[in-house]
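Trainee: The following block contains the structure, expressed as structure tokens.
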Amino acid sequence: MNLPTDTPTPSVLKVWGETKLEGQARISGAKNSALAIMAGTILCADECRLRNIPSLVDINHMGDVLASVGLKLHREGDVLEINAQEITTSKPPYELVSRLRASFFVIGPLLARLGMARVPLPGGCAIGARPVDLHVRGLVAMGAKVRIEHGIVHADVPGVNNRLQGAEIYLDYPSVGATETILMAATLAEGETRIENAAREPEVVDLANFCVAMGAKIQGAGTNTITISGVPSLHSVDYPIIPDRIEAGTFLVAGAITNSEISISPVIPEHLIPVLAKLRSMGLKIVTEAPNCLRVIPSSLQGTDIETLPYPGFPTDMQAQLMALLSLSAGDSVITETVFENRLRHVAELKRMGADMRLKGQQAIIRGVHQLTGAPVMATDLRASAALVVAGLAAKGITTVQGLHHLDRGYDNLEGKLRQLGAKLQRVPAEETDLLVEQPIKV
Ligand SMILES: CC(=O)N[C@H]1[C@@H](OP(=O)(O)OP(=O)(O)OC[C@H]2O[C@@H](n3ccc(=O)[nH]c3=O)[C@H](O)[C@@H]2O)O[C@H](CO)[C@@H](O)[C@@H]1O
Ligand SMILES: C=C(OP(=O)(O)O)C(=O)O
């Protein structure tokens, strides 16, 4: 595929602080929609054309996973054509699958198309244990025989026609990935599948809309009960990916933390409801300039409490960025991370920059300070990397962010887009800076 390659490592990002931003940021297609929909193209024995695909290392890696099972991919700009007419194997290799979480989502479509799949346990951000038991239980309920051996999930559909059977599936937790795996598998199953306690995230709805555009029969996506009536086959489609609500939220925080007036588009404001509600409750003025364009206006900000939850609750993928903002907001705040058990490691890094915060179990307790100061910091996961960059834009002096492979996984040209708004950032080889983080600090 004609996609960006991994960042040559090690390099670090120097961020000059006390920046004012100005202008409009263009929001790319949603990473988590694009990745699931790329897996979904396996369902169609023809060519699919996906538009608004972001330029990300994760997309590149997902492309490699699809190519490894025989799909043909061609990318030009933000258009990605995927032809799944021929699938040569049901076994994507560990080296590719282990690079990202979403690679595991191919198990549902592979099983639906071929009646068998051999998929290694996935990778992704080290933000928790992230088991796949809910995915597997859903497939088993639909008639698959599944065993996990040597880190590989072996799934087979017994019977003469190798077709999964519709089933009633209750998810113990509204997992995004499990909902997507089961939804895709069910599109080609025999009979009706009902997913109860399904995830309601906009990316799940986008995947369902994509499947419906290919001829699938799906009702209820976006609610906690999704019903899928299996069809024998799906047809090719030309489909645009929704804008990335997490990238949009990150830019809103970038504007707020630097006391700047910027606008962002295209966005679907409805997808940002929990983020907008929280930002507005902190005192941030955000106006709708056009149906798909939001403008953030400089405002003095008050601390607040945040609890991450499945959609329409506050998204865990915006937690780190909000923490950066709360570190500079007046008064006390408490952030409770309920979705992933290991997603507060940026607390230690923000403390390096002078933030007043401490960890108590799954909570970060924050006391707003007047100023952060630039420091060498380490990105511990994807959204932590963005949080450190936006904190660096506000801080006094230079912040040097290491661990950029996280940033490149999920942000389409964040530096370029910020630079266009007037920020000063530069990627330099690690050896050209003497500010590297050596010791983790105690929280
Ligand atoms: C590629 C992608 O779309 N990634 C998103 C997706 O991840 P992902 O699909 O992995 O997230 P899930 O919603 O599945 O995970 C939520 C919680 O459920 C647990 N769980 C999940 C599956 C399972 O079989 N068993 C189980 O216990 C997880 O460990 C986690 O604690 O949704 C997350 C929650 O909005 C986002 O942070 C990720 O950015
Ligand atoms: C956690 C994330 O991604 P993934 O599920 O791919 O690790 C994320 O997008 O913040």
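Identifiers for the structure tokens are assigned positionally: chains receive A, B, ... in sequence, residues are indexed from 1 per chain, and ligands are indexed from 1 in the order shown.
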Any chance you could list, as an MDAnalysis selection string, the residues in stretch 100-333 of chain A that come up strand (DSSP E or B) when DSSP is run on the backbone?
Mentor: chainID A and resid 116:120 145:149 152:156 165 168:170 190 192:196 217:219 221 223 225:229 237:240 243 261:265 285:290 293:297 302 305:308 314 330 332:333
Trainee: Pick out the residues sitting within 6 Å of stretch 237-251 of chain A, and hand them over as a PDB file with C-alpha atoms, in the first residue's frame; count only C-alpha atoms, and ignore anything fewer than 6 positions along from it in its own chain.
Mentor:
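Written file, part.pdb:
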```pdb
ATOM      1  CA  SER A  28      -9.457  13.528   9.267  1.00  0.00           C
ATOM      2  CA  GLY A  29     -11.496  10.352   9.020  1.00  0.00           C
ATOM      3  CA  ALA A  30     -11.997   8.370  12.225  1.00  0.00           C
ATOM      4  CA  CYS A  48     -14.920  -1.694  -1.855  1.00  0.00           C
ATOM      5  CA  ARG A  49     -13.907   1.932  -2.129  1.00  0.00           C
ATOM      6  CA  LEU A  50     -13.366   3.703   1.182  1.00  0.00           C
ATOM      7  CA  ARG A  51     -13.075   7.496   1.275  1.00  0.00           C
ATOM      8  CA  ASN A  52     -11.760   9.832   3.996  1.00  0.00           C
ATOM      9  CA  MET A 214     -23.134  -3.456   1.091  1.00  0.00           C
ATOM     10  CA  VAL A 267     -17.152  17.334  12.612  1.00  0.00           C
TER      11      VAL A 267
END
```
Trainee: Pick out the residues sitting within 6 Å of stretch 106-119 of chain A, and hand them over as JSON, numbers by chain; count only C-alpha atoms, and ignore anything fewer than 3 positions along from it in its own chain.
Mentor: {"A": [39, 42, 43, 90, 91, 152, 153, 154, 155, 156, 157, 162, 181, 184, 185, 188]}
Trainee: Taking a cut-off of 6 Å and counting only C-alpha atoms and all ligand atoms, can you build a table that, for each residue of chain A near ligand 1, reports the nearest atom pair and how far apart they are in Å (one decimal), sorted by chain then residue number, as a Markdown table?
Mentor:
```
| residue | atom | partner | partner_atom_place_in_ligand_line | distance |
| --- | --- | --- | --- | --- |
| A:Asn32 | CA | ligand 1 | 3 (O) | 4.3 |
| A:Arg101 | CA | ligand 1 | 1 (C) | 5.7 |
| A:Ala102 | CA | ligand 1 | 1 (C) | 4.5 |
| A:Ala129 | CA | ligand 1 | 29 (O) | 5.6 |
| A:Arg130 | CA | ligand 1 | 29 (O) | 3.4 |
| A:Pro131 | CA | ligand 1 | 25 (N) | 4.6 |
| A:Val132 | CA | ligand 1 | 24 (O) | 3.3 |
| A:Asp133 | CA | ligand 1 | 24 (O) | 4.0 |
| A:Leu134 | CA | ligand 1 | 24 (O) | 3.5 |
| A:His135 | CA | ligand 1 | 24 (O) | 5.0 |
| A:Ser175 | CA | ligand 1 | 13 (O) | 3.3 |
| A:Val176 | CA | ligand 1 | 13 (O) | 3.8 |
| A:Gly177 | CA | ligand 1 | 9 (O) | 3.3 |
| A:Ala178 | CA | ligand 1 | 22 (C) | 5.8 |
| A:Thr316 | CA | ligand 1 | 37 (O) | 5.6 |
| A:Asp317 | CA | ligand 1 | 37 (O) | 5.1 |
| A:Val339 | CA | ligand 1 | 31 (O) | 4.7 |
| A:Phe340 | CA | ligand 1 | 31 (O) | 4.4 |
```
Trainee: Give the residues close to ligand 2, within 8 Å, counting only C-alpha atoms and all ligand atoms; write them as a ChimeraX atom specification.
Mentor: /A:31-32,58,100-102,123-127,316-318,381-383,410
Trainee: Would you kindly return, as a list in words, each protein, DNA or RNA residue with an atom no farther than 10 Å from any atom of A:Ile226, considering only C-alpha atoms and excluding same-chain residues fewer than 2 positions away?
Mentor: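 Result of the neighbour search: Ile169, Thr179, Leu183, Thr193, Arg194, Ile195, Glu196, Asn197, Ala198, Ala199, Arg200, Ala208, Ile218, Gln219, Gly220, Ala221, Gly222, Thr223, Asn224 and Ile228 of chain A.
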Trainee: Check the DSSP output for the backbone and give back, as a VMD selection string, the residues of stretch 182-359 of chain A in helix (DSSP H, G or I).
Mentor: chain A and resid 182 to 187 202 to 213 245 to 257 269 to 281 316 to 326 346 to 352
Trainee: Please identify all polymer residues within 12 Å of A:His406, counting only C-alpha atoms, omitting same-chain residues fewer than 2 positions from it, and present them as number ranges by chain.
Mentor: A: 6-7, 9, 12, 56-58, 99-100, 124-126, 378-388, 401-404, 408-412
Trainee: Restricting it to N, CA and C atoms, dump the selection as a JSON list (two decimals), in the first residue's frame.
Mentor:
```
[["chain", "number", "residue", "atom", "x", "y", "z"],
["A", 6, "ASP", "N", 6.42, 3.52, 9.21],
["A", 6, "ASP", "CA", 6.61, 3.79, 10.63],
["A", 6, "ASP", "C", 7.61, 4.93, 10.80],
["A", 7, "THR", "N", 7.48, 5.64, 11.91],
["A", 7, "THR", "CA", 8.42, 6.73, 12.20],
["A", 7, "THR", "C", 9.81, 6.15, 12.33],
["A", 9, "THR", "N", 12.73, 5.66, 14.20],
["A", 9, "THR", "CA", 12.95, 5.90, 15.63],
["A", 9, "THR", "C", 14.42, 5.73, 15.94],
["A", 12, "VAL", "N", 12.34, 12.52, 18.62],
["A", 12, "VAL", "CA", 11.56, 13.17, 19.67],
["A", 12, "VAL", "C", 10.90, 14.40, 19.08],
["A", 56, "LEU", "N", -2.31, 7.10, 8.72],
["A", 56, "LEU", "CA", -1.87, 6.68, 10.05],
["A", 56, "LEU", "C", -1.07, 5.40, 9.94],
["A", 57, "VAL", "N", -0.15, 5.20, 10.85],
["A", 57, "VAL", "CA", 0.60, 3.94, 10.87],
["A", 57, "VAL", "C", -0.35, 2.76, 11.14],
["A", 58, "ASP", "N", -1.37, 2.96, 12.00],
["A", 58, "ASP", "CA", -2.32, 1.86, 12.26],
["A", 58, "ASP", "C", -3.06, 1.43, 11.00],
["A", 99, "ARG", "N", 0.61, -5.91, 16.12],
["A", 99, "ARG", "CA", 0.90, -4.48, 16.11],
["A", 99, "ARG", "C", -0.26, -3.60, 16.54],
["A", 100, "LEU", "N", -1.49, -4.11, 16.41],
["A", 100, "LEU", "CA", -2.63, -3.25, 16.75],
["A", 100, "LEU", "C", -3.85, -4.08, 17.16],
["A", 124, "GLY", "N", -1.96, -3.47, 20.36],
["A", 124, "GLY", "CA", -2.65, -2.21, 20.67],
["A", 124, "GLY", "C", -1.99, -1.54, 21.85],
["A", 125, "CYS", "N", -2.57, -0.42, 22.30],
["A", 125, "CYS", "CA", -1.99, 0.33, 23.41],
["A", 125, "CYS", "C", -1.98, -0.53, 24.67],
["A", 126, "ALA", "N", -0.90, -0.43, 25.44],
["A", 126, "ALA", "CA", -0.79, -1.17, 26.71],
["A", 126, "ALA", "C", -1.53, -0.40, 27.80],
["A", 378, "MET", "N", 7.66, 11.35, 28.37],
["A", 378, "MET", "CA", 7.52, 10.11, 27.60],
["A", 378, "MET", "C", 6.05, 9.82, 27.34],
["A", 379, "ALA", "N", 5.69, 9.65, 26.07],
["A", 379, "ALA", "CA", 4.31, 9.26, 25.72],
["A", 379, "ALA", "C", 4.14, 7.80, 26.10],
["A", 380, "THR", "N", 3.15, 7.52, 26.94],
["A", 380, "THR", "CA", 2.97, 6.14, 27.41],
["A", 380, "THR", "C", 1.92, 5.38, 26.60],
["A", 381, "ASP", "N", 1.09, 6.10, 25.88],
["A", 381, "ASP", "CA", 0.15, 5.48, 24.94],
["A", 381, "ASP", "C", -0.31, 6.55, 23.95],
["A", 382, "LEU", "N", -1.20, 6.16, 23.06],
["A", 382, "LEU", "CA", -1.60, 7.06, 21.97],
["A", 382, "LEU", "C", -2.16, 8.40, 22.47],
["A", 383, "ARG", "N", -3.18, 8.34, 23.31],
["A", 383, "ARG", "CA", -3.82, 9.61, 23.72],
["A", 383, "ARG", "C", -2.96, 10.37, 24.71],
["A", 384, "ALA", "N", -2.12, 9.64, 25.47],
["A", 384, "ALA", "CA", -1.17, 10.33, 26.36],
["A", 384, "ALA", "C", -0.22, 11.18, 25.52],
["A", 385, "SER", "N", 0.16, 10.67, 24.35],
["A", 385, "SER", "CA", 1.09, 11.42, 23.51],
["A", 385, "SER", "C", 0.45, 12.75, 23.10],
["A", 386, "ALA", "N", -0.83, 12.73, 22.75],
["A", 386, "ALA", "CA", -1.51, 13.96, 22.35],
["A", 386, "ALA", "C", -1.64, 14.91, 23.54],
["A", 387, "ALA", "N", -1.91, 14.33, 24.72],
["A", 387, "ALA", "CA", -2.06, 15.16, 25.92],
["A", 387, "ALA", "C", -0.76, 15.90, 26.21],
["A", 388, "LEU", "N", 0.37, 15.22, 26.03],
["A", 388, "LEU", "CA", 1.66, 15.85, 26.33],
["A", 388, "LEU", "C", 1.97, 16.94, 25.30],
["A", 401, "VAL", "N", 8.93, 15.51, 23.65],
["A", 401, "VAL", "CA", 8.08, 14.31, 23.80],
["A", 401, "VAL", "C", 8.76, 13.11, 23.13],
["A", 402, "GLN", "N", 8.98, 12.07, 23.91],
["A", 402, "GLN", "CA", 9.50, 10.81, 23.37],
["A", 402, "GLN", "C", 8.35, 9.82, 23.19],
["A", 403, "GLY", "N", 8.62, 8.73, 22.48],
["A", 403, "GLY", "CA", 7.60, 7.68, 22.31],
["A", 403, "GLY", "C", 6.63, 8.05, 21.20],
["A", 404, "LEU", "N", 7.18, 8.62, 20.12],
["A", 404, "LEU", "CA", 6.30, 9.16, 19.07],
["A", 404, "LEU", "C", 5.59, 8.08, 18.24],
["A", 408, "ASP", "N", 2.03, 8.53, 16.12],
["A", 408, "ASP", "CA", 1.90, 8.22, 14.69],
["A", 408, "ASP", "C", 0.87, 7.14, 14.41],
["A", 409, "ARG", "N", 0.61, 6.29, 15.41],
["A", 409, "ARG", "CA", -0.43, 5.27, 15.24],
["A", 409, "ARG", "C", -1.77, 5.90, 14.94],
["A", 410, "GLY", "N", -2.08, 7.02, 15.62],
["A", 410, "GLY", "CA", -3.48, 7.44, 15.62],
["A", 410, "GLY", "C", -3.78, 8.88, 15.29],
["A", 411, "TYR", "N", -2.78, 9.72, 15.04],
["A", 411, "TYR", "CA", -3.06, 11.11, 14.66],
["A", 411, "TYR", "C", -2.50, 11.37, 13.27],
["A", 412, "ASP", "N", -3.37, 11.86, 12.41],
["A", 412, "ASP", "CA", -3.00, 12.15, 11.03],
["A", 412, "ASP", "C", -2.33, 13.54, 10.99]]
```
Trainee: Considering only C-alpha atoms, state which residue in the set A:Ala186, A:Ile262, A:Ile59, A:Ile87 is at the smallest distance from A:Lys417.
Mentor: A:Ile262
